[in-house]
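*Asks:* So here's run.cif, just mmCIF, C-alpha atoms, pLDDT in the B column; chains and numbers go by the auth columns:
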```cif
data_my_file
#
loop_
_atom_site.group_PDB
_atom_site.id
_atom_site.type_symbol
_atom_site.label_atom_id
_atom_site.label_comp_id
_atom_site.label_asym_id
_atom_site.label_seq_id
_atom_site.Cartn_x
_atom_site.Cartn_y
_atom_site.Cartn_z
_atom_site.B_iso_or_equiv
_atom_site.auth_seq_id
_atom_site.auth_asym_id
ATOM 1 C CA TYR A 1 0.000 0.000 0.000 44.00 1 A
ATOM 2 C CA ASP A 2 1.984 2.932 -1.326 46.00 2 A
ATOM 3 C CA GLY A 3 0.224 5.717 0.550 48.00 3 A
ATOM 4 C CA ALA A 4 0.431 4.050 3.930 47.00 4 A
ATOM 5 C CA GLU A 5 4.007 2.971 3.309 50.00 5 A
ATOM 6 C CA SER A 6 4.947 6.516 2.311 51.00 6 A
ATOM 7 C CA MET A 7 3.338 7.803 5.481 47.00 7 A
ATOM 8 C CA ARG A 8 5.213 5.187 7.525 50.00 8 A
ATOM 9 C CA ARG A 9 8.531 6.244 5.989 52.00 9 A
ATOM 10 C CA ARG A 10 7.872 9.862 6.884 49.00 10 A
ATOM 11 C CA LEU A 11 6.872 8.954 10.433 47.00 11 A
ATOM 12 C CA ALA A 12 9.759 6.560 10.853 48.00 12 A
ATOM 13 C CA GLY A 13 12.274 9.078 9.639 49.00 13 A
ATOM 14 C CA PHE A 14 10.877 11.754 11.913 45.00 14 A
ATOM 15 C CA PHE A 15 10.895 9.598 15.034 47.00 15 A
ATOM 16 C CA ALA A 16 14.091 7.721 14.207 46.00 16 A
ATOM 17 C CA PHE A 17 16.206 10.852 14.086 40.00 17 A
ATOM 18 C CA GLN A 18 14.499 12.862 16.809 45.00 18 A
ATOM 19 C CA PHE A 19 13.495 10.160 19.271 45.00 19 A
ATOM 20 C CA VAL A 20 15.491 6.961 18.928 45.00 20 A
ATOM 21 C CA VAL A 21 18.776 8.642 18.124 40.00 21 A
ATOM 22 C CA GLY A 22 18.143 11.160 20.859 45.00 22 A
ATOM 23 C CA ALA A 23 17.221 8.613 23.494 45.00 23 A
ATOM 24 C CA ILE A 24 19.920 6.082 22.698 38.00 24 A
ATOM 25 C CA THR A 25 22.854 8.338 21.821 37.00 25 A
ATOM 26 C CA ALA A 26 22.058 11.044 24.403 42.00 26 A
ATOM 27 C CA TRP A 27 20.710 13.763 22.122 44.00 27 A
ATOM 28 C CA PRO A 28 21.484 16.940 24.142 46.00 28 A
ATOM 29 C CA ASN A 29 18.831 17.616 26.787 53.00 29 A
ATOM 30 C CA PHE A 30 16.437 14.971 25.415 47.00 30 A
ATOM 31 C CA ARG A 31 16.158 12.977 28.639 50.00 31 A
ATOM 32 C CA ALA A 32 16.212 16.135 30.744 52.00 32 A
ATOM 33 C CA ARG A 33 13.397 17.659 28.691 53.00 33 A
ATOM 34 C CA VAL A 34 11.250 14.541 29.059 49.00 34 A
ATOM 35 C CA GLN A 35 11.879 14.453 32.794 49.00 35 A
ATOM 36 C CA ALA A 36 11.075 18.154 33.088 49.00 36 A
ATOM 37 C CA ARG A 37 7.706 17.604 31.478 50.00 37 A
ATOM 38 C CA LEU A 38 7.029 14.559 33.636 46.00 38 A
ATOM 39 C CA SER A 39 7.930 16.419 36.811 43.00 39 A
ATOM 40 C CA SER A 40 4.726 18.467 36.625 44.00 40 A
ATOM 41 C CA PHE A 41 2.672 15.447 37.687 42.00 41 A
ATOM 42 C CA GLY A 42 3.263 12.573 40.060 39.00 42 A
ATOM 43 C CA GLU A 43 3.806 8.948 39.135 37.00 43 A
ATOM 44 C CA PRO A 44 3.426 9.114 35.346 44.00 44 A
ATOM 45 C CA ARG A 45 0.676 7.114 33.742 63.00 45 A
ATOM 46 C CA SER A 46 1.438 5.563 30.390 78.00 46 A
ATOM 47 C CA ARG A 47 -0.560 8.092 28.408 79.00 47 A
ATOM 48 C CA ARG A 48 1.075 11.026 30.147 81.00 48 A
ATOM 49 C CA THR A 49 4.494 9.507 29.589 83.00 49 A
ATOM 50 C CA ALA A 50 3.656 9.115 25.906 85.00 50 A
ATOM 51 C CA ALA A 51 2.446 12.718 25.846 84.00 51 A
ATOM 52 C CA ALA A 52 5.759 13.818 27.370 82.00 52 A
ATOM 53 C CA ILE A 53 7.606 12.050 24.545 78.00 53 A
ATOM 54 C CA ALA A 54 5.290 13.667 21.998 79.00 54 A
ATOM 55 C CA ALA A 55 5.779 17.045 23.665 79.00 55 A
ATOM 56 C CA VAL A 56 9.551 16.825 23.315 76.00 56 A
ATOM 57 C CA ILE A 57 9.253 15.837 19.661 72.00 57 A
ATOM 58 C CA GLY A 58 6.730 18.574 18.917 73.00 58 A
ATOM 59 C CA ASN A 59 8.375 21.126 21.204 76.00 59 A
ATOM 60 C CA ASN A 60 5.204 21.890 23.115 80.00 60 A
ATOM 61 C CA SER A 61 3.770 21.133 26.542 87.00 61 A
ATOM 62 C CA VAL A 62 2.546 17.753 27.759 86.00 62 A
ATOM 63 C CA ASP A 63 -0.987 19.110 28.058 87.00 63 A
ATOM 64 C CA GLU A 64 -0.872 20.483 24.513 87.00 64 A
ATOM 65 C CA ALA A 65 0.439 17.195 23.128 86.00 65 A
ATOM 66 C CA GLU A 66 -2.218 15.193 24.944 88.00 66 A
ATOM 67 C CA GLU A 67 -5.007 17.554 23.889 90.00 67 A
ATOM 68 C CA GLU A 68 -3.969 17.395 20.218 89.00 68 A
ATOM 69 C CA ALA A 69 -3.804 13.609 20.373 90.00 69 A
ATOM 70 C CA LYS A 70 -7.243 13.501 21.976 91.00 70 A
ATOM 71 C CA LYS A 71 -8.707 15.499 19.077 92.00 71 A
ATOM 72 C CA ARG A 72 -7.100 13.241 16.461 93.00 72 A
ATOM 73 C CA LEU A 73 -7.696 9.844 18.036 95.00 73 A
ATOM 74 C CA ARG A 74 -9.828 7.574 15.825 96.00 74 A
ATOM 75 C CA TYR A 75 -10.795 3.929 15.501 97.00 75 A
ATOM 76 C CA ILE A 76 -12.413 1.562 13.048 97.00 76 A
ATOM 77 C CA THR A 77 -14.443 -1.538 13.878 98.00 77 A
ATOM 78 C CA LEU A 78 -13.191 -4.680 12.212 96.00 78 A
ATOM 79 C CA ASP A 79 -16.495 -5.382 10.477 96.00 79 A
ATOM 80 C CA LYS A 80 -15.661 -2.385 8.251 96.00 80 A
ATOM 81 C CA LEU A 81 -12.447 -3.958 6.973 94.00 81 A
ATOM 82 C CA THR A 82 -12.192 -6.216 3.960 94.00 82 A
ATOM 83 C CA LYS A 83 -9.369 -8.450 2.840 94.00 83 A
ATOM 84 C CA THR A 84 -8.741 -6.100 -0.070 91.00 84 A
ATOM 85 C CA ASP A 85 -8.004 -3.319 2.425 90.00 85 A
ATOM 86 C CA LEU A 86 -4.868 -5.202 3.471 91.00 86 A
ATOM 87 C CA GLU A 87 -3.464 -5.279 -0.049 87.00 87 A
ATOM 88 C CA VAL A 88 -0.882 -2.900 -1.452 79.00 88 A
ATOM 89 C CA SER A 89 -2.245 -1.274 -4.604 68.00 89 A
ATOM 90 C CA PRO A 90 -0.896 1.788 -6.456 56.00 90 A
ATOM 91 C CA THR A 91 -4.416 2.503 -7.711 59.00 91 A
ATOM 92 C CA GLN A 92 -5.419 3.297 -4.122 62.00 92 A
ATOM 93 C CA ASN A 93 -2.784 5.995 -3.797 64.00 93 A
ATOM 94 C CA THR A 94 -5.074 8.960 -4.463 70.00 94 A
ATOM 95 C CA PRO A 95 -6.423 11.755 -2.231 66.00 95 A
ATOM 96 C CA GLY A 96 -10.006 10.726 -2.949 73.00 96 A
ATOM 97 C CA PHE A 97 -9.378 7.154 -1.919 74.00 97 A
ATOM 98 C CA PHE A 98 -7.610 8.268 1.271 75.00 98 A
ATOM 99 C CA LYS A 99 -10.645 10.386 2.139 83.00 99 A
ATOM 100 C CA LEU A 100 -12.943 7.385 1.738 86.00 100 A
ATOM 101 C CA LEU A 101 -10.714 5.282 3.989 88.00 101 A
ATOM 102 C CA PHE A 102 -10.589 7.985 6.657 89.00 102 A
ATOM 103 C CA GLY A 103 -14.358 8.278 6.464 91.00 103 A
ATOM 104 C CA ARG A 104 -14.736 4.680 7.615 93.00 104 A
ATOM 105 C CA SER A 105 -13.126 5.501 10.952 95.00 105 A
ATOM 106 C CA SER A 106 -14.786 7.291 13.862 96.00 106 A
ATOM 107 C CA PRO A 107 -13.563 9.698 16.551 96.00 107 A
ATOM 108 C CA GLY A 108 -12.419 7.810 19.620 95.00 108 A
ATOM 109 C CA SER A 109 -11.786 8.506 23.287 92.00 109 A
ATOM 110 C CA PHE A 110 -8.921 7.454 25.506 89.00 110 A
ATOM 111 C CA GLY A 111 -9.602 4.021 26.964 88.00 111 A
ATOM 112 C CA GLU A 112 -12.312 2.921 24.526 94.00 112 A
ATOM 113 C CA ILE A 113 -10.086 1.593 21.723 96.00 113 A
ATOM 114 C CA ASP A 114 -9.428 -2.096 22.130 97.00 114 A
ATOM 115 C CA ALA A 115 -6.231 -2.521 20.139 98.00 115 A
ATOM 116 C CA PHE A 116 -3.507 -0.710 18.256 97.00 116 A
ATOM 117 C CA ILE A 117 -2.749 -2.852 15.187 97.00 117 A
ATOM 118 C CA SER A 118 0.987 -3.124 14.531 95.00 118 A
ATOM 119 C CA HIS A 119 1.857 -4.831 11.252 95.00 119 A
ATOM 120 C CA SER A 120 4.017 -4.741 8.146 94.00 120 A
ATOM 121 C CA TRP A 121 2.417 -3.916 4.809 91.00 121 A
ATOM 122 C CA HIS A 122 4.944 -6.277 3.224 92.00 122 A
ATOM 123 C CA ASP A 123 3.725 -9.370 5.066 94.00 123 A
ATOM 124 C CA PRO A 124 1.417 -11.835 3.247 93.00 124 A
ATOM 125 C CA VAL A 125 -2.186 -10.652 3.034 95.00 125 A
ATOM 126 C CA ASP A 126 -3.836 -14.068 3.418 95.00 126 A
ATOM 127 C CA GLU A 127 -2.047 -14.921 6.648 95.00 127 A
ATOM 128 C CA LYS A 128 -2.565 -11.448 8.064 95.00 128 A
ATOM 129 C CA TRP A 129 -6.272 -11.497 7.246 96.00 129 A
ATOM 130 C CA ASP A 130 -6.759 -14.942 8.780 96.00 130 A
ATOM 131 C CA ALA A 131 -4.928 -13.947 11.951 96.00 131 A
ATOM 132 C CA LEU A 132 -6.919 -10.736 12.298 96.00 132 A
ATOM 133 C CA GLN A 133 -10.227 -12.514 11.775 97.00 133 A
ATOM 134 C CA ALA A 134 -9.337 -15.218 14.310 97.00 134 A
ATOM 135 C CA TRP A 135 -8.495 -12.508 16.859 97.00 135 A
ATOM 136 C CA ARG A 136 -11.736 -10.725 16.001 98.00 136 A
ATOM 137 C CA ASP A 137 -13.772 -13.903 16.558 98.00 137 A
ATOM 138 C CA ARG A 138 -12.155 -14.472 19.966 97.00 138 A
ATOM 139 C CA PHE A 139 -12.828 -10.870 20.947 98.00 139 A
ATOM 140 C CA LYS A 140 -16.485 -11.029 19.892 98.00 140 A
ATOM 141 C CA ALA A 141 -17.007 -14.292 21.789 98.00 141 A
ATOM 142 C CA ARG A 142 -15.566 -12.686 24.924 97.00 142 A
ATOM 143 C CA HIS A 143 -17.133 -9.216 24.711 97.00 143 A
ATOM 144 C CA GLY A 144 -20.205 -9.637 22.496 97.00 144 A
ATOM 145 C CA ARG A 145 -19.343 -6.788 20.129 97.00 145 A
ATOM 146 C CA GLU A 146 -17.014 -5.809 17.309 98.00 146 A
ATOM 147 C CA PRO A 147 -13.524 -4.739 18.401 98.00 147 A
ATOM 148 C CA ARG A 148 -12.538 -1.111 17.972 98.00 148 A
ATOM 149 C CA VAL A 149 -8.994 -0.792 16.637 98.00 149 A
ATOM 150 C CA TRP A 150 -6.495 1.857 15.616 97.00 150 A
ATOM 151 C CA PHE A 151 -5.404 0.924 12.096 95.00 151 A
ATOM 152 C CA ASP A 152 -2.990 3.212 10.274 90.00 152 A
ATOM 153 C CA LYS A 153 -4.671 3.087 6.891 88.00 153 A
ATOM 154 C CA PHE A 154 -7.935 4.441 8.280 92.00 154 A
ATOM 155 C CA CYS A 155 -7.060 6.415 11.410 92.00 155 A
ATOM 156 C CA ILE A 156 -4.449 8.862 10.108 87.00 156 A
ATOM 157 C CA ASP A 157 -5.685 11.783 8.045 82.00 157 A
ATOM 158 C CA GLN A 158 -3.531 11.456 4.930 79.00 158 A
ATOM 159 C CA GLY A 159 -4.340 15.062 4.051 77.00 159 A
ATOM 160 C CA ASP A 160 -2.741 16.279 7.283 77.00 160 A
ATOM 161 C CA VAL A 161 -0.042 13.734 8.089 77.00 161 A
ATOM 162 C CA ASP A 162 2.501 16.176 9.518 69.00 162 A
ATOM 163 C CA ALA A 163 0.072 17.381 12.184 71.00 163 A
ATOM 164 C CA SER A 164 -0.436 13.758 13.270 75.00 164 A
ATOM 165 C CA LEU A 165 3.235 12.947 13.809 70.00 165 A
ATOM 166 C CA THR A 166 3.435 13.815 17.487 75.00 166 A
ATOM 167 C CA CYS A 167 0.131 12.083 18.270 87.00 167 A
ATOM 168 C CA LEU A 168 1.334 8.570 17.539 87.00 168 A
ATOM 169 C CA PRO A 169 2.979 7.875 20.920 88.00 169 A
ATOM 170 C CA VAL A 170 -0.182 8.957 22.732 91.00 170 A
ATOM 171 C CA HIS A 171 -2.486 7.024 20.412 92.00 171 A
ATOM 172 C CA LEU A 172 -0.424 3.881 20.892 92.00 172 A
ATOM 173 C CA ALA A 173 -0.459 4.234 24.679 91.00 173 A
ATOM 174 C CA ALA A 174 -4.176 5.069 24.710 90.00 174 A
ATOM 175 C CA CYS A 175 -5.198 1.725 23.195 94.00 175 A
ATOM 176 C CA ASN A 176 -5.939 -1.126 25.597 94.00 176 A
ATOM 177 C CA THR A 177 -3.876 -3.705 23.695 96.00 177 A
ATOM 178 C CA PHE A 178 -0.788 -3.508 21.503 96.00 178 A
ATOM 179 C CA LEU A 179 -1.638 -6.163 18.894 97.00 179 A
ATOM 180 C CA MET A 180 1.365 -7.300 16.859 95.00 180 A
ATOM 181 C CA LEU A 181 0.716 -9.272 13.659 96.00 181 A
ATOM 182 C CA VAL A 182 4.219 -10.606 13.137 93.00 182 A
ATOM 183 C CA GLY A 183 5.119 -11.997 9.739 92.00 183 A
ATOM 184 C CA PRO A 184 8.448 -12.536 7.979 90.00 184 A
ATOM 185 C CA THR A 185 9.074 -8.846 7.235 92.00 185 A
ATOM 186 C CA TYR A 186 7.803 -7.379 10.518 91.00 186 A
ATOM 187 C CA ILE A 187 11.134 -6.644 12.175 87.00 187 A
ATOM 188 C CA GLU A 188 12.603 -5.467 8.876 86.00 188 A
ATOM 189 C CA ARG A 189 10.236 -2.488 8.830 86.00 189 A
ATOM 190 C CA MET A 190 11.612 0.437 10.808 84.00 190 A
ATOM 191 C CA TRP A 191 8.214 1.732 11.851 83.00 191 A
ATOM 192 C CA CYS A 192 7.194 -1.641 13.321 89.00 192 A
ATOM 193 C CA VAL A 193 10.332 -1.587 15.454 87.00 193 A
ATOM 194 C CA MET A 194 9.579 2.029 16.382 84.00 194 A
ATOM 195 C CA GLU A 195 6.098 1.068 17.569 89.00 195 A
ATOM 196 C CA ILE A 196 7.572 -1.573 19.863 90.00 196 A
ATOM 197 C CA PHE A 197 10.178 0.875 21.131 85.00 197 A
ATOM 198 C CA ILE A 198 7.609 3.587 21.870 85.00 198 A
ATOM 199 C CA PHE A 199 5.254 1.132 23.586 88.00 199 A
ATOM 200 C CA MET A 200 7.989 -0.254 25.833 86.00 200 A
ATOM 201 C CA THR A 201 9.229 3.252 26.640 82.00 201 A
ATOM 202 C CA ALA A 202 5.846 4.804 27.410 84.00 202 A
ATOM 203 C CA VAL A 203 3.709 1.898 28.609 86.00 203 A
ATOM 204 C CA LYS A 204 6.141 -0.773 29.869 84.00 204 A
ATOM 205 C CA ASP A 205 3.253 -3.169 30.524 88.00 205 A
ATOM 206 C CA THR A 206 3.858 -6.434 28.702 89.00 206 A
ATOM 207 C CA SER A 207 0.438 -7.721 29.784 91.00 207 A
ATOM 208 C CA ARG A 208 -1.010 -5.316 27.214 93.00 208 A
ATOM 209 C CA ILE A 209 0.989 -6.858 24.366 93.00 209 A
ATOM 210 C CA GLU A 210 -0.566 -9.587 22.231 94.00 210 A
ATOM 211 C CA CYS A 211 1.718 -11.082 19.601 93.00 211 A
ATOM 212 C CA ILE A 212 0.198 -13.187 16.825 94.00 212 A
ATOM 213 C CA PRO A 213 2.740 -15.001 14.647 93.00 213 A
ATOM 214 C CA LEU A 214 1.638 -15.312 11.036 91.00 214 A
ATOM 215 C CA LEU A 215 1.961 -18.795 9.596 69.00 215 A
ATOM 216 C CA ALA A 216 4.171 -17.477 6.812 56.00 216 A
ATOM 217 C CA SER A 217 6.781 -16.566 9.432 47.00 217 A
ATOM 218 C CA GLN A 218 7.346 -20.256 10.179 49.00 218 A
ATOM 219 C CA GLU A 219 10.990 -20.639 9.132 52.00 219 A
ATOM 220 C CA PRO A 220 12.254 -23.310 8.985 50.00 220 A
ATOM 221 C CA GLN A 221 9.195 -25.529 8.635 52.00 221 A
ATOM 222 C CA SER A 222 10.248 -27.642 11.634 49.00 222 A
ATOM 223 C CA GLN A 223 9.534 -24.672 13.897 55.00 223 A
ATOM 224 C CA THR A 224 6.151 -23.612 15.196 57.00 224 A
ATOM 225 C CA PRO A 225 5.070 -20.060 14.302 53.00 225 A
ATOM 226 C CA THR A 226 5.806 -18.924 17.861 56.00 226 A
ATOM 227 C CA GLU A 227 9.286 -20.447 17.749 60.00 227 A
ATOM 228 C CA GLY A 228 9.888 -18.794 14.380 55.00 228 A
ATOM 229 C CA VAL A 229 8.919 -15.359 15.695 57.00 229 A
ATOM 230 C CA SER A 230 11.055 -15.826 18.812 58.00 230 A
ATOM 231 C CA ALA A 231 14.019 -16.699 16.605 62.00 231 A
ATOM 232 C CA MET A 232 13.391 -13.595 14.474 58.00 232 A
ATOM 233 C CA PHE A 233 13.448 -11.302 17.484 54.00 233 A
ATOM 234 C CA ARG A 234 16.532 -12.988 18.944 58.00 234 A
ATOM 235 C CA ALA A 235 18.343 -12.560 15.627 59.00 235 A
ATOM 236 C CA PHE A 236 17.293 -8.912 15.478 52.00 236 A
ATOM 237 C CA SER A 237 18.489 -8.305 19.034 51.00 237 A
ATOM 238 C CA HIS A 238 21.853 -9.939 18.367 47.00 238 A
ATOM 239 C CA ALA A 239 22.325 -8.035 15.125 50.00 239 A
ATOM 240 C CA ASN A 240 21.516 -4.676 16.693 51.00 240 A
#
```
Go ahead and render the structure in this file as structure tokens.
*Replies:*
Amino acid sequence: YDGAESMRRRLAGFFAFQFVVGAITAWPNFRARVQARLSSFGEPRSRRTAAAIAAVIGNNSVDEAEEEAKKRLRYITLDKLTKTDLEVSPTQNTPGFFKLLFGRSSPGSFGEIDAFISHSWHDPVDEKWDALQAWRDRFKARHGREPRVWFDKFCIDQGDVDASLTCLPVHLAACNTFLMLVGPTYIERMWCVMEIFIFMTAVKDTSRIECIPLLASQEPQSQTPTEGVSAMFRAFSHAN
């Protein structure tokens, strides 16, 4: 999906240079600026911590970052997704099509969005669709309703991407579950790694992570999907 992938590259570049590089290589005053913003309230909640990160990136206050993220937070219910929506198609890369996609999502509130969907657009569509539908069925059986999810293709206004950049940490932290659909290209995509990094920095609650290995990630075939994903992450950790 060219439009979403282009958006991801812009977001990844923005965060990679201003957040990851800053946090890991001691970008001057980065940590001090985050701590200064956090010092205005007591024990930081995950959303406020995410807002502090967003505030540093956007060079504004924590309250301003959180308020902007609140205005831009959206969700889509999974009954409004089709398998075709998961495909990458150059014919979809038009402003009119983006507007239609955005129109399928609805304004959301902090705490009411069930999952932030983290995935790679380069992973196989069939496996991703099957995994998402299986998760949806389990959710509906447990809660008796359609799940509300943050999905990049529908929940970011493609006509105003730059204004959404600093909202992503808050939106990720505001969702109840961080749902990872992990296929063979997942850890090769910088933005997928960034999402994990931001979640672990702001939220730090592994009970809110749900990782679903895609069958296509089973490599070699003697491994189970879970073993294959574990091996992928171990290899990534060792390489980096």
*Asks:* List every residue of range 49-97 of chain A that has an atom at most 12 Å from any atom of range 194-204 of chain A, giving for each one its closest atom pair and the distance in Å to one decimal, counting only C-alpha atoms, sorted by chain and then by ascending residue number, as JSON lines.
*Replies:*
```
{"residue": "A:Thr49", "atom": "CA", "partner": "A:Ala202", "partner_atom": "CA", "distance": 5.4}
{"residue": "A:Ala50", "atom": "CA", "partner": "A:Ala202", "partner_atom": "CA", "distance": 5.1}
{"residue": "A:Ala51", "atom": "CA", "partner": "A:Ala202", "partner_atom": "CA", "distance": 8.8}
{"residue": "A:Ala52", "atom": "CA", "partner": "A:Ala202", "partner_atom": "CA", "distance": 9.0}
{"residue": "A:Ile53", "atom": "CA", "partner": "A:Ala202", "partner_atom": "CA", "distance": 8.0}
{"residue": "A:Ala54", "atom": "CA", "partner": "A:Ile198", "partner_atom": "CA", "distance": 10.3}
```
*Asks:* What's the separation between CA of Phe97 in chain A and CA of Lys83 in chain A, in Å to one decimal place?
*Replies:*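 Separation between CA of Phe97 in chain A and CA of Lys83 in chain A: 16.3 Å.
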*Asks:* Report, in Å to a single decimal, how far apart CA of Ile212 in chain A and CA of Glu188 in chain A are.
*Replies:*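 Going from CA of Glu188 in chain A over to CA of Ile212 in chain A, I get 16.6 Å.
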*Asks:* Tell me which residues the PyMOL selection byres ((chain A and resi 178) around 8) grabs here, as a list in words.
*Replies:* Ala115, Phe116, Ile117, Ser118, Leu172, Cys175, Asn176, Thr177, Leu179, Met180, Phe199, Arg208, Ile209 and Glu210 of chain A
*Asks:* Write out as a PDB file with C-alpha atoms, in the frame of the given file which residues come within 12 Å of Lys80 in chain A when counting all atoms listed in the file, dropping same-chain ones fewer than 5 positions away.
*Replies:*
```pdb
ATOM      1  CA  TYR A  75     -10.795   3.929  15.501  1.00 97.00           C
ATOM      2  CA  ASP A  85      -8.004  -3.319   2.425  1.00 90.00           C
ATOM      3  CA  LEU A 101     -10.714   5.282   3.989  1.00 88.00           C
ATOM      4  CA  PHE A 102     -10.589   7.985   6.657  1.00 89.00           C
ATOM      5  CA  GLY A 103     -14.358   8.278   6.464  1.00 91.00           C
ATOM      6  CA  ARG A 104     -14.736   4.680   7.615  1.00 93.00           C
ATOM      7  CA  SER A 105     -13.126   5.501  10.952  1.00 95.00           C
ATOM      8  CA  SER A 106     -14.786   7.291  13.862  1.00 96.00           C
ATOM      9  CA  GLU A 146     -17.014  -5.809  17.309  1.00 98.00           C
ATOM     10  CA  PRO A 147     -13.524  -4.739  18.401  1.00 98.00           C
ATOM     11  CA  ARG A 148     -12.538  -1.111  17.972  1.00 98.00           C
ATOM     12  CA  VAL A 149      -8.994  -0.792  16.637  1.00 98.00           C
ATOM     13  CA  PHE A 151      -5.404   0.924  12.096  1.00 95.00           C
ATOM     14  CA  PHE A 154      -7.935   4.441   8.280  1.00 92.00           C
TER      15      PHE A 154
END
```
*Asks:* Please, which residues are within 10 Å of (-8.0, 13.0, 10.4) by the file's coordinates, counting all atoms listed in the file, and could they come as a list in words?
*Replies:*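 Protein, DNA and RNA residues close to (-8.0, 13.0, 10.4): Lys71, Arg72, Leu73, Arg74, Lys99, Phe102, Gly103, Ser105, Ser106, Pro107, Phe154, Cys155, Ile156, Asp157, Gln158, Gly159, Asp160, Val161, Ala163 and Ser164 of chain A.
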*Asks:* Could you tell me how far CA of Arg47 in chain A sits from CA of Ile76 in chain A, in Å to one decimal place?
*Replies:*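 The value is 20.5 Å.
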